[in-house]
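For reference, my_file.txt (compact mmCIF, C-alpha atoms):
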# COMPACT_ATOMS: atom_id res chain seq x y z
CA MET E 1 -18.21 -173.84 -58.62
CA THR E 2 -19.41 -170.88 -56.61
CA GLN E 3 -17.52 -167.62 -56.73
CA PHE E 4 -17.67 -164.62 -54.47
CA ALA E 5 -16.00 -161.31 -55.20
CA VAL E 6 -15.86 -158.59 -52.59
CA VAL E 7 -14.88 -155.02 -53.37
CA GLY E 8 -12.61 -153.45 -50.77
CA HIS E 9 -12.86 -149.77 -51.60
CA LEU E 10 -10.08 -148.68 -49.27
CA ALA E 11 -8.15 -151.94 -48.97
CA ARG E 12 -4.39 -151.55 -49.34
CA THR E 13 -2.71 -152.83 -52.47
CA ASP E 14 0.70 -153.43 -50.92
CA GLY E 15 1.73 -155.44 -47.89
CA ALA E 16 2.46 -152.37 -45.77
CA PHE E 17 -0.24 -152.99 -43.19
CA SER E 18 0.01 -154.55 -39.78
CA LEU E 19 -1.82 -157.76 -38.95
CA ASN E 20 -2.54 -156.02 -35.63
CA ASP E 21 -4.48 -153.24 -37.33
CA LEU E 22 -6.53 -154.58 -40.21
CA PRO E 23 -9.45 -152.11 -39.89
CA SER E 24 -7.55 -148.80 -40.10
CA GLY E 25 -4.11 -149.72 -41.39
CA GLY E 26 -5.41 -152.28 -43.86
CA GLY E 27 -8.30 -150.19 -45.20
CA ARG E 28 -10.95 -152.45 -43.64
CA MET E 29 -9.00 -155.55 -44.61
CA ASP E 30 -10.83 -157.18 -41.65
CA VAL E 31 -14.09 -157.16 -43.63
CA LEU E 32 -12.44 -158.88 -46.58
CA CYS E 33 -10.77 -161.48 -44.35
CA ARG E 34 -14.07 -162.39 -42.71
CA CYS E 35 -15.51 -162.80 -46.20
CA VAL E 36 -12.74 -165.28 -47.10
CA THR E 37 -13.52 -167.29 -43.96
CA ALA E 38 -17.29 -167.20 -44.54
CA SER E 39 -16.77 -168.29 -48.17
CA LEU E 40 -14.36 -171.16 -47.68
CA PHE E 41 -14.87 -172.73 -44.27
CA LEU E 42 -17.19 -175.48 -43.21
CA SER E 43 -17.14 -176.66 -39.62
CA ARG E 44 -14.29 -179.09 -40.05
CA SER E 45 -13.29 -178.74 -43.67
CA LEU E 46 -13.06 -176.33 -46.54
CA ARG E 47 -15.51 -175.69 -49.33
CA ARG E 48 -13.34 -176.99 -52.14
CA ASP E 49 -15.77 -175.77 -54.80
CA VAL E 50 -15.71 -172.10 -53.79
CA GLU E 51 -13.44 -169.22 -54.77
CA CYS E 52 -13.34 -165.85 -53.08
CA SER E 53 -11.76 -162.88 -54.86
CA LEU E 54 -10.89 -159.68 -53.07
CA VAL E 55 -10.89 -156.57 -55.25
CA LEU E 56 -8.52 -154.13 -53.59
CA LEU E 57 -8.95 -150.49 -54.48
CA GLY E 58 -6.90 -148.72 -51.81
CA PRO E 59 -3.42 -147.21 -51.99
CA PRO E 60 -0.77 -147.33 -53.26
CA VAL E 61 -1.28 -149.17 -56.60
CA PRO E 62 -4.97 -149.97 -57.18
CA PRO E 63 -6.60 -152.02 -58.48
CA LYS E 64 -5.39 -155.49 -57.56
CA THR E 65 -7.30 -158.73 -57.14
CA VAL E 66 -6.34 -161.47 -54.70
CA LYS E 67 -8.08 -164.80 -55.23
CA PHE E 68 -8.48 -167.60 -52.68
CA SER E 69 -9.28 -170.98 -54.24
CA GLY E 70 -10.91 -173.48 -51.92
CA SER E 71 -9.71 -176.31 -54.16
CA SER E 72 -6.05 -175.74 -53.43
CA VAL E 73 -5.62 -173.33 -50.52
CA ARG E 74 -3.43 -174.49 -47.66
CA SER E 75 -2.26 -172.96 -44.37
CA LEU E 76 -5.53 -171.05 -44.01
CA ASN E 77 -7.16 -170.74 -40.60
CA PRO E 78 -10.49 -169.04 -39.93
CA ASP E 79 -9.26 -166.19 -37.73
CA GLU E 80 -8.93 -162.81 -39.46
CA ARG E 81 -5.15 -162.71 -39.20
CA SER E 82 -4.71 -165.91 -41.18
CA PRO E 83 -6.23 -164.79 -44.51
CA ALA E 84 -4.75 -161.34 -43.84
CA ALA E 85 -1.26 -162.83 -43.68
CA LEU E 86 -1.85 -164.60 -47.01
CA VAL E 87 -3.14 -161.35 -48.58
CA LYS E 88 -0.08 -159.53 -47.26
CA LYS E 89 2.15 -162.15 -48.82
CA ALA E 90 0.26 -161.93 -52.14
CA LEU E 91 0.65 -158.16 -52.16
CA SER E 92 4.37 -158.39 -51.51
CA ILE E 93 5.23 -160.17 -54.77
CA PRO E 94 5.49 -158.49 -58.16
CA CYS E 95 2.44 -159.23 -60.29
CA GLY E 96 1.20 -158.50 -63.77
CA SER E 97 -2.11 -158.81 -65.52
CA GLU E 98 -2.37 -162.60 -65.11
CA PHE E 99 -2.94 -164.37 -61.80
CA ARG E 100 0.30 -165.39 -60.14
CA GLU E 101 0.28 -167.80 -57.20
CA SER E 102 1.79 -166.32 -54.04
CA SER E 103 1.03 -169.29 -51.80
CA ALA E 104 -0.92 -172.51 -52.27
CA GLY E 105 -4.38 -171.57 -53.53
CA VAL E 106 -3.81 -167.82 -53.29
CA SER E 107 -3.02 -165.73 -56.36
CA VAL E 108 -2.80 -162.09 -57.28
CA ARG E 109 -3.02 -159.93 -60.38
CA LYS E 110 -3.33 -156.30 -61.36
CA GLY E 111 -6.85 -155.30 -62.32
CA GLY E 112 -10.17 -154.99 -60.60
CA LEU E 113 -13.87 -155.03 -61.16
CA ASN E 114 -13.90 -154.18 -64.91
CA ARG E 115 -11.98 -157.31 -65.69
CA LEU E 116 -13.93 -159.58 -63.32
CA VAL E 117 -17.22 -158.46 -64.83
CA GLU E 118 -15.93 -159.24 -68.34
CA GLU E 119 -14.97 -162.75 -67.27
CA GLN E 120 -17.96 -163.78 -65.22
CA ARG E 121 -21.67 -163.07 -65.01
CA PHE E 122 -22.21 -161.86 -61.47
CA GLY E 123 -25.31 -161.52 -59.38
CA VAL E 124 -24.96 -158.43 -57.23
CA LEU E 125 -26.04 -158.41 -53.59
CA ASP E 126 -28.35 -155.46 -53.19
CA GLU E 127 -30.99 -154.75 -50.58
CA LYS E 128 -33.46 -153.89 -53.36
CA GLY E 129 -32.77 -157.10 -55.30
CA SER E 130 -34.92 -160.20 -55.72
CA ASP E 131 -35.24 -162.51 -52.75
CA ILE E 132 -32.72 -165.35 -53.15
CA ARG E 133 -35.24 -167.83 -51.75
CA LYS E 134 -37.74 -166.99 -54.46
CA ALA E 135 -35.33 -166.91 -57.42
CA ASP E 136 -35.85 -169.76 -59.87
CA ASP E 137 -32.15 -169.82 -60.64
CA LEU E 138 -29.23 -168.33 -58.81
CA PRO E 139 -25.99 -167.39 -60.56
CA GLU E 140 -22.71 -169.13 -59.80
CA ALA E 141 -20.96 -165.88 -58.94
CA PHE E 142 -21.91 -163.14 -56.51
CA LEU E 143 -20.48 -159.70 -56.06
CA LEU E 144 -20.57 -157.85 -52.75
CA SER E 145 -19.24 -154.57 -51.42
CA ASP E 146 -17.36 -154.01 -48.19
CA HIS E 147 -18.62 -151.51 -45.59
CA LEU E 148 -19.10 -148.88 -48.33
CA ASN E 149 -21.72 -148.77 -51.06
CA PHE E 150 -20.74 -149.36 -54.66
CA SER E 151 -19.58 -146.10 -56.24
CA PRO E 152 -21.60 -144.47 -59.05
CA ASP E 153 -19.04 -145.75 -61.59
CA GLU E 154 -19.32 -149.26 -60.18
CA GLU E 155 -23.12 -149.02 -60.23
CA THR E 156 -22.93 -148.14 -63.92
CA LEU E 157 -20.59 -151.05 -64.63
CA LEU E 158 -22.92 -153.42 -62.78
CA SER E 159 -26.19 -152.04 -64.11
CA ALA E 160 -26.86 -155.06 -66.32
CA CYS E 161 -26.19 -157.60 -63.56
CA PRO E 162 -29.15 -159.22 -61.81
CA LYS E 163 -29.60 -158.03 -58.22
CA PHE E 164 -30.39 -160.29 -55.30
CA SER E 165 -31.25 -159.69 -51.68
CA VAL E 166 -30.64 -162.19 -48.88
CA GLY E 167 -33.35 -160.84 -46.57
CA PRO E 168 -35.07 -157.87 -44.97
CA ALA E 169 -32.05 -156.73 -42.94
CA VAL E 170 -28.95 -155.18 -44.49
CA LEU E 171 -26.08 -157.40 -43.38
CA HIS E 172 -22.31 -157.33 -43.25
CA ALA E 173 -20.81 -158.95 -46.33
CA GLU E 174 -19.61 -162.05 -44.46
CA SER E 175 -23.08 -162.69 -43.03
CA ALA E 176 -24.64 -162.25 -46.48
CA ILE E 177 -22.18 -164.85 -47.82
CA ALA E 178 -23.18 -167.27 -45.05
CA VAL E 179 -26.87 -166.84 -45.90
CA LEU E 180 -26.23 -167.22 -49.64
CA LEU E 181 -24.20 -170.40 -49.17
CA ASN E 182 -26.97 -171.80 -46.98
CA GLU E 183 -29.46 -171.23 -49.79
CA LEU E 184 -27.09 -172.84 -52.32
CA ASP E 185 -26.42 -175.79 -49.96
CA ARG E 186 -30.16 -176.33 -49.58
CA ARG E 187 -30.75 -176.26 -53.33
CA ALA E 188 -27.85 -178.63 -54.01
CA SER E 189 -29.05 -181.12 -51.43
CA GLU E 190 -32.77 -180.68 -52.11
CA TRP E 191 -33.50 -179.69 -48.52
CA ASP E 192 -36.12 -177.23 -49.63
CA MET K 1 -35.25 -160.34 -27.59
CA THR K 2 -33.03 -162.93 -29.23
CA GLN K 3 -30.25 -164.52 -27.26
CA PHE K 4 -27.28 -166.53 -28.41
CA ALA K 5 -24.96 -168.43 -26.11
CA VAL K 6 -21.76 -169.96 -27.41
CA VAL K 7 -19.73 -172.47 -25.43
CA GLY K 8 -15.97 -171.90 -25.66
CA HIS K 9 -14.59 -175.17 -24.37
CA LEU K 10 -10.99 -174.02 -24.18
CA ALA K 11 -11.53 -170.25 -23.94
CA ARG K 12 -9.44 -168.56 -21.25
CA THR K 13 -11.14 -167.28 -18.12
CA ASP K 14 -8.61 -164.58 -17.34
CA GLY K 15 -7.28 -161.72 -19.42
CA ALA K 16 -3.86 -163.33 -19.91
CA PHE K 17 -4.13 -163.76 -23.66
CA SER K 18 -2.73 -161.62 -26.43
CA LEU K 19 -5.02 -159.87 -28.90
CA ASN K 20 -2.43 -160.94 -31.47
CA ASP K 21 -3.03 -164.63 -30.77
CA LEU K 22 -6.70 -165.30 -30.14
CA PRO K 23 -6.76 -168.83 -31.63
CA SER K 24 -4.01 -170.50 -29.59
CA GLY K 25 -3.38 -168.16 -26.69
CA GLY K 26 -7.05 -167.35 -26.18
CA GLY K 27 -8.34 -170.92 -26.51
CA ARG K 28 -10.10 -170.21 -29.80
CA MET K 29 -11.33 -166.86 -28.55
CA ASP K 30 -11.43 -165.92 -32.27
CA VAL K 31 -14.46 -168.17 -32.79
CA LEU K 32 -16.32 -166.51 -29.92
CA CYS K 33 -15.44 -163.03 -31.14
CA ARG K 34 -16.79 -163.76 -34.61
CA CYS K 35 -19.98 -164.99 -32.94
CA VAL K 36 -20.34 -161.66 -31.10
CA THR K 37 -19.95 -159.80 -34.39
CA ALA K 38 -22.38 -162.08 -36.23
CA SER K 39 -24.94 -161.70 -33.42
CA LEU K 40 -24.87 -157.95 -32.93
CA PHE K 41 -23.92 -156.24 -36.17
CA LEU K 42 -26.09 -155.07 -39.00
CA SER K 43 -24.50 -153.31 -41.95
CA ARG K 44 -24.50 -149.87 -40.39
CA SER K 45 -25.99 -150.39 -36.96
CA LEU K 46 -26.29 -152.84 -34.11
CA ARG K 47 -29.03 -155.32 -33.39
CA ARG K 48 -30.27 -153.69 -30.20
CA ASP K 49 -32.59 -156.59 -29.42
CA VAL K 50 -29.90 -159.29 -29.35
CA GLU K 51 -27.65 -160.56 -26.57
CA CYS K 52 -24.67 -162.84 -27.06
CA SER K 53 -23.25 -164.74 -24.09
CA LEU K 54 -19.88 -166.44 -24.22
CA VAL K 55 -19.51 -169.42 -21.88
CA LEU K 56 -15.80 -169.70 -21.14
CA LEU K 57 -14.57 -173.07 -19.94
CA GLY K 58 -10.81 -172.76 -20.31
CA PRO K 59 -8.11 -172.10 -17.71
CA PRO K 60 -7.50 -170.80 -15.14
CA VAL K 61 -10.86 -170.34 -13.32
CA PRO K 62 -13.74 -171.86 -15.33
CA PRO K 63 -16.59 -171.41 -15.79
CA LYS K 64 -17.26 -167.74 -16.50
CA THR K 65 -19.86 -166.11 -18.71
CA VAL K 66 -19.32 -162.83 -20.58
CA LYS K 67 -22.47 -161.25 -21.96
CA PHE K 68 -22.68 -158.66 -24.76
CA SER K 69 -25.96 -156.73 -24.80
CA GLY K 70 -26.83 -155.11 -28.10
CA SER K 71 -29.10 -152.65 -26.29
CA SER K 72 -26.28 -150.93 -24.46
CA VAL K 73 -22.91 -152.01 -25.87
CA ARG K 74 -20.55 -149.24 -26.95
CA SER K 75 -17.04 -149.11 -28.39
CA LEU K 76 -17.59 -152.36 -30.25
CA ASN K 77 -16.24 -152.77 -33.75
CA PRO K 78 -16.74 -155.82 -35.96
CA ASP K 79 -13.12 -156.95 -36.24
CA GLU K 80 -12.13 -159.85 -33.99
CA ARG K 81 -9.80 -157.80 -31.84
CA SER K 82 -12.55 -155.41 -30.76
CA PRO K 83 -14.83 -157.89 -28.94
CA ALA K 84 -11.68 -159.69 -27.78
CA ALA K 85 -10.45 -156.52 -26.07
CA LEU K 86 -13.80 -156.16 -24.31
CA VAL K 87 -13.70 -159.82 -23.21
CA LYS K 88 -10.17 -159.30 -21.92
CA LYS K 89 -11.33 -156.31 -19.92
CA ALA K 90 -14.31 -158.25 -18.53
CA LEU K 91 -12.03 -161.08 -17.46
CA SER K 92 -9.66 -158.70 -15.71
CA ILE K 93 -12.16 -157.49 -13.10
CA PRO K 94 -13.18 -159.45 -9.99
CA CYS K 95 -16.61 -161.01 -10.42
CA GLY K 96 -19.06 -163.03 -8.41
CA SER K 97 -22.16 -165.01 -9.20
CA GLU K 98 -24.14 -162.02 -10.50
CA PHE K 99 -23.40 -160.18 -13.72
CA ARG K 100 -21.13 -157.20 -13.21
CA GLU K 101 -20.66 -154.63 -15.97
CA SER K 102 -17.06 -154.31 -17.11
CA SER K 103 -17.75 -151.84 -19.93
CA ALA K 104 -20.91 -150.42 -21.46
CA GLY K 105 -23.10 -153.38 -22.44
CA VAL K 106 -20.56 -156.03 -21.47
CA SER K 107 -20.85 -157.94 -18.19
CA VAL K 108 -19.27 -160.95 -16.56
CA ARG K 109 -20.13 -163.49 -13.87
CA LYS K 110 -18.89 -166.80 -12.54
CA GLY K 111 -20.89 -169.75 -13.75
CA GLY K 112 -21.53 -171.45 -17.02
CA LEU K 113 -23.97 -173.60 -18.89
CA ASN K 114 -25.83 -175.10 -15.92
CA ARG K 115 -26.98 -171.70 -14.82
CA LEU K 116 -27.85 -170.44 -18.31
CA VAL K 117 -30.00 -173.50 -18.95
CA GLU K 118 -31.88 -172.92 -15.67
CA GLU K 119 -32.62 -169.33 -16.65
CA GLN K 120 -33.61 -169.73 -20.29
CA ARG K 121 -35.15 -172.29 -22.58
CA PHE K 122 -32.61 -172.79 -25.32
CA GLY K 123 -32.88 -174.32 -28.72
CA VAL K 124 -29.64 -176.13 -29.47
CA LEU K 125 -27.99 -175.95 -32.87
CA ASP K 126 -27.41 -179.53 -33.96
CA GLU K 127 -26.87 -180.96 -37.40
CA LYS K 128 -29.50 -183.64 -36.64
CA GLY K 129 -32.09 -181.10 -35.43
CA SER K 130 -35.27 -179.91 -37.12
CA ASP K 131 -34.90 -177.58 -40.08
CA ILE K 132 -35.30 -173.99 -38.83
CA ARG K 133 -37.23 -173.07 -41.99
CA LYS K 134 -39.84 -175.73 -41.31
CA ALA K 135 -40.27 -175.12 -37.57
CA ASP K 136 -43.65 -173.63 -36.66
CA ASP K 137 -42.07 -171.72 -33.81
CA LEU K 138 -38.50 -170.90 -33.06
CA PRO K 139 -37.23 -170.24 -29.54
CA GLU K 140 -35.88 -166.86 -28.47
CA ALA K 141 -32.57 -168.32 -27.33
CA PHE K 142 -30.09 -170.50 -29.16
CA LEU K 143 -27.09 -172.38 -27.88
CA LEU K 144 -24.09 -173.21 -30.02
CA SER K 145 -20.73 -174.81 -29.49
CA ASP K 146 -17.36 -173.51 -30.65
CA HIS K 147 -15.08 -175.64 -32.84
CA LEU K 148 -15.57 -178.63 -30.50
CA ASN K 149 -18.66 -180.76 -30.03
CA PHE K 150 -20.68 -180.53 -26.83
CA SER K 151 -19.17 -182.86 -24.20
CA PRO K 152 -21.15 -185.91 -22.98
CA ASP K 153 -21.99 -184.01 -19.75
CA GLU K 154 -23.21 -181.04 -21.75
CA GLU K 155 -25.24 -183.33 -24.01
CA THR K 156 -26.94 -184.76 -20.90
CA LEU K 157 -27.65 -181.28 -19.56
CA LEU K 158 -29.15 -180.26 -22.91
CA SER K 159 -31.03 -183.47 -23.63
CA ALA K 160 -34.45 -181.88 -23.02
CA CYS K 161 -33.78 -178.87 -25.25
CA PRO K 162 -35.25 -178.82 -28.75
CA LYS K 163 -32.64 -179.25 -31.49
CA PHE K 164 -32.53 -177.22 -34.68
CA SER K 165 -30.44 -177.39 -37.82
CA VAL K 166 -29.76 -174.45 -40.10
CA GLY K 167 -29.10 -176.53 -43.22
CA PRO K 168 -27.44 -179.51 -44.83
CA ALA K 169 -23.86 -178.31 -44.27
CA VAL K 170 -22.23 -178.17 -40.85
CA LEU K 171 -21.16 -174.57 -40.40
CA HIS K 172 -18.94 -172.51 -38.18
CA ALA K 173 -20.88 -171.06 -35.27
CA GLU K 174 -20.79 -167.49 -36.62
CA SER K 175 -22.20 -168.58 -39.98
CA ALA K 176 -24.95 -170.55 -38.24
CA ILE K 177 -25.84 -167.40 -36.27
CA ALA K 178 -26.03 -165.39 -39.51
CA VAL K 179 -28.38 -167.96 -41.05
CA LEU K 180 -30.54 -168.12 -37.91
CA LEU K 181 -30.87 -164.35 -37.71
CA ASN K 182 -31.85 -164.26 -41.37
CA GLU K 183 -34.67 -166.72 -40.66
CA LEU K 184 -35.80 -164.67 -37.64
CA ASP K 185 -35.60 -161.42 -39.66
CA ARG K 186 -37.76 -162.96 -42.37
CA ARG K 187 -40.36 -164.18 -39.89
CA ALA K 188 -40.46 -160.82 -38.09
CA SER K 189 -40.93 -158.90 -41.33
CA GLU K 190 -43.18 -161.46 -43.01
CA TRP K 191 -40.83 -161.87 -45.94
CA ASP K 192 -41.58 -165.56 -46.18
This entry written out as structure tokens:
Amino acid sequence: MTQFAVVGHLARTDGAFSLNDLPSGGGRMDVLCRCVTASLFLSRSLRRDVECSLVLLGPPVPPKTVKFSGSSVRSLNPDERSPAALVKKALSIPCGSEFRESSAGVSVRKGGLNRLVEEQRFGVLDEKGSDIRKADDLPEAFLLSDHLNFSPDEETLLSACPKFSVGPAVLHAESAIAVLLNELDRRASEWD
Amino acid sequence: MTQFAVVGHLARTDGAFSLNDLPSGGGRMDVLCRCVTASLFLSRSLRRDVECSLVLLGPPVPPKTVKFSGSSVRSLNPDERSPAALVKKALSIPCGSEFRESSAGVSVRKGGLNRLVEEQRFGVLDEKGSDIRKADDLPEAFLLSDHLNFSPDEETLLSACPKFSVGPAVLHAESAIAVLLNELDRRASEWD
């Protein structure tokens, strides 16, 4: 299974944002929603072996993590509003420290990056990292940031993680996910 | 310059769609908007050497073409509603057979695929095409379809165009654009 986790530094942690204003009202929830779509959608089906976790660090009760599981998600369309509506629903239910399902294939818990990094060995997307095409092995889990850089505290937390770069241009997170999945698809199918 | 053209088979050709309902009301305008974002955005800047044309074939007055020029576009944000609002504005002004600017870097004309293919040699994204990584040369212009396949008439029109595939999985158009741009970035910077 492939896992992506995307840190939303300003992303709201309650459902009090409008689906009509994901960038400002949602704390750049639009970025995170495009990452869900890039992670889970194929042209006419879903990637059932991919999970995408959104680490929400905005007000009012950070951190929370909302996880989309390709294996079981339903009622998900690729437009930004569709994952946003499922995030909104996840953020509207009470949650504790264990994942609780808010709709099919979508679950939420309190906690953020510290906990994810304890549970999973992540490769971090970083423009100074090793080229993904040249890496002998790629990890099963990748961590990305939204429109903001990782904070100094996050950099410290992630200092032991291997760093990977998808190419010479610095891309939006959703485009980096598309490029990464292409590399993984090619390796799995022995295209290259 | 790199050009992308994306055929929106059902995409509306007037501004009578709601920004709150791009998938149904806009005729899958959400797909086209994500393609604009994937074509033009870098992490913190725009790709000034890229154009993205949307070929709109839906009601009420098809075909029309709306072109986003990275060199001059302004007031464009990466969320789906932002390009959608600029498309809506372009579709609300009278236009003829020549491109007319509706806002900075966005222009509109009557006409569709026939005319584009006369003006530019396109490579067509096709799951049975040649692997972009293995191609000695890649064209400067790429044509993609939205969520629907090219129609038989379109296939005939495009039969002489070279076909390229981005990988073993069949992707959404915006993900295919991200993968293509990554390959072009690598070639331009001699990463690979």
Hey, which of K:Lys128, K:His147, K:Arg28, K:Arg48 ends up closest to Ala84 of chain K? Count all atoms listed in the file. K:Arg28
Gly27 of chain E proximity check over E:Cys52, E:Leu42, E:Val124, E:Leu148, using all atoms listed in the file: winner is E:Leu148
Select, from E:Phe142, E:Phe68, E:Phe17, E:Trp191, the residue with the minimum atom-to-atom distance to chain K, counting all atoms listed in the file. E:Trp191
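Close contacts of Ser103 of chain E, defined as residues with an atom at most 10 Å away when counting all atoms listed in the file, with chain neighbours fewer than 2 positions off set aside, comprise Phe68, Ser72, Val73, Arg74, Ser75, Leu86, Val87, Lys89, Ala90, Arg100, Glu101, Gly105, Val106, Ser107 and Val108 of chain E.
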Contact residues (chain K, partner chain E, 10 Å, all atoms listed in the file) as an NGL selection string: :K and (19-23 or 28-31 or 33-34 or 37-39 or 41-45 or 77-81 or 131 or 133-134 or 146-148 or 166-183 or 185-192)
Just the residues within 10 Å of Pro139 of chain E, please, counting all atoms listed in the file, with nothing from its chain fewer than 6 positions along; format it as a PyMOL selection string. chain E and resi 2-3+120-124+162+164+184
Residue selection dump (C-alpha atoms) as a PDB file, keeping the file's coordinate frame:
ATOM      1  CA  THR E   2     -19.410-170.880 -56.610  1.00  0.00           C
ATOM      2  CA  GLN E   3     -17.520-167.620 -56.730  1.00  0.00           C
ATOM      3  CA  GLN E 120     -17.960-163.780 -65.220  1.00  0.00           C
ATOM      4  CA  ARG E 121     -21.670-163.070 -65.010  1.00  0.00           C
ATOM      5  CA  PHE E 122     -22.210-161.860 -61.470  1.00  0.00           C
ATOM      6  CA  GLY E 123     -25.310-161.520 -59.380  1.00  0.00           C
ATOM      7  CA  VAL E 124     -24.960-158.430 -57.230  1.00  0.00           C
ATOM      8  CA  PRO E 162     -29.150-159.220 -61.810  1.00  0.00           C
ATOM      9  CA  PHE E 164     -30.390-160.290 -55.300  1.00  0.00           C
ATOM     10  CA  LEU E 184     -27.090-172.840 -52.320  1.00  0.00           C
TER      11      LEU E 184
END
Which of K:His9, K:Lys163, K:Lys110, K:Arg115 sits closest to Lys64 of chain K [using all atoms listed in the file]: K:Lys110
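The two atoms in question, atom CA of Met1 of chain E and atom CA of Glu119 of chain E, are spaced 14.4 Å apart.
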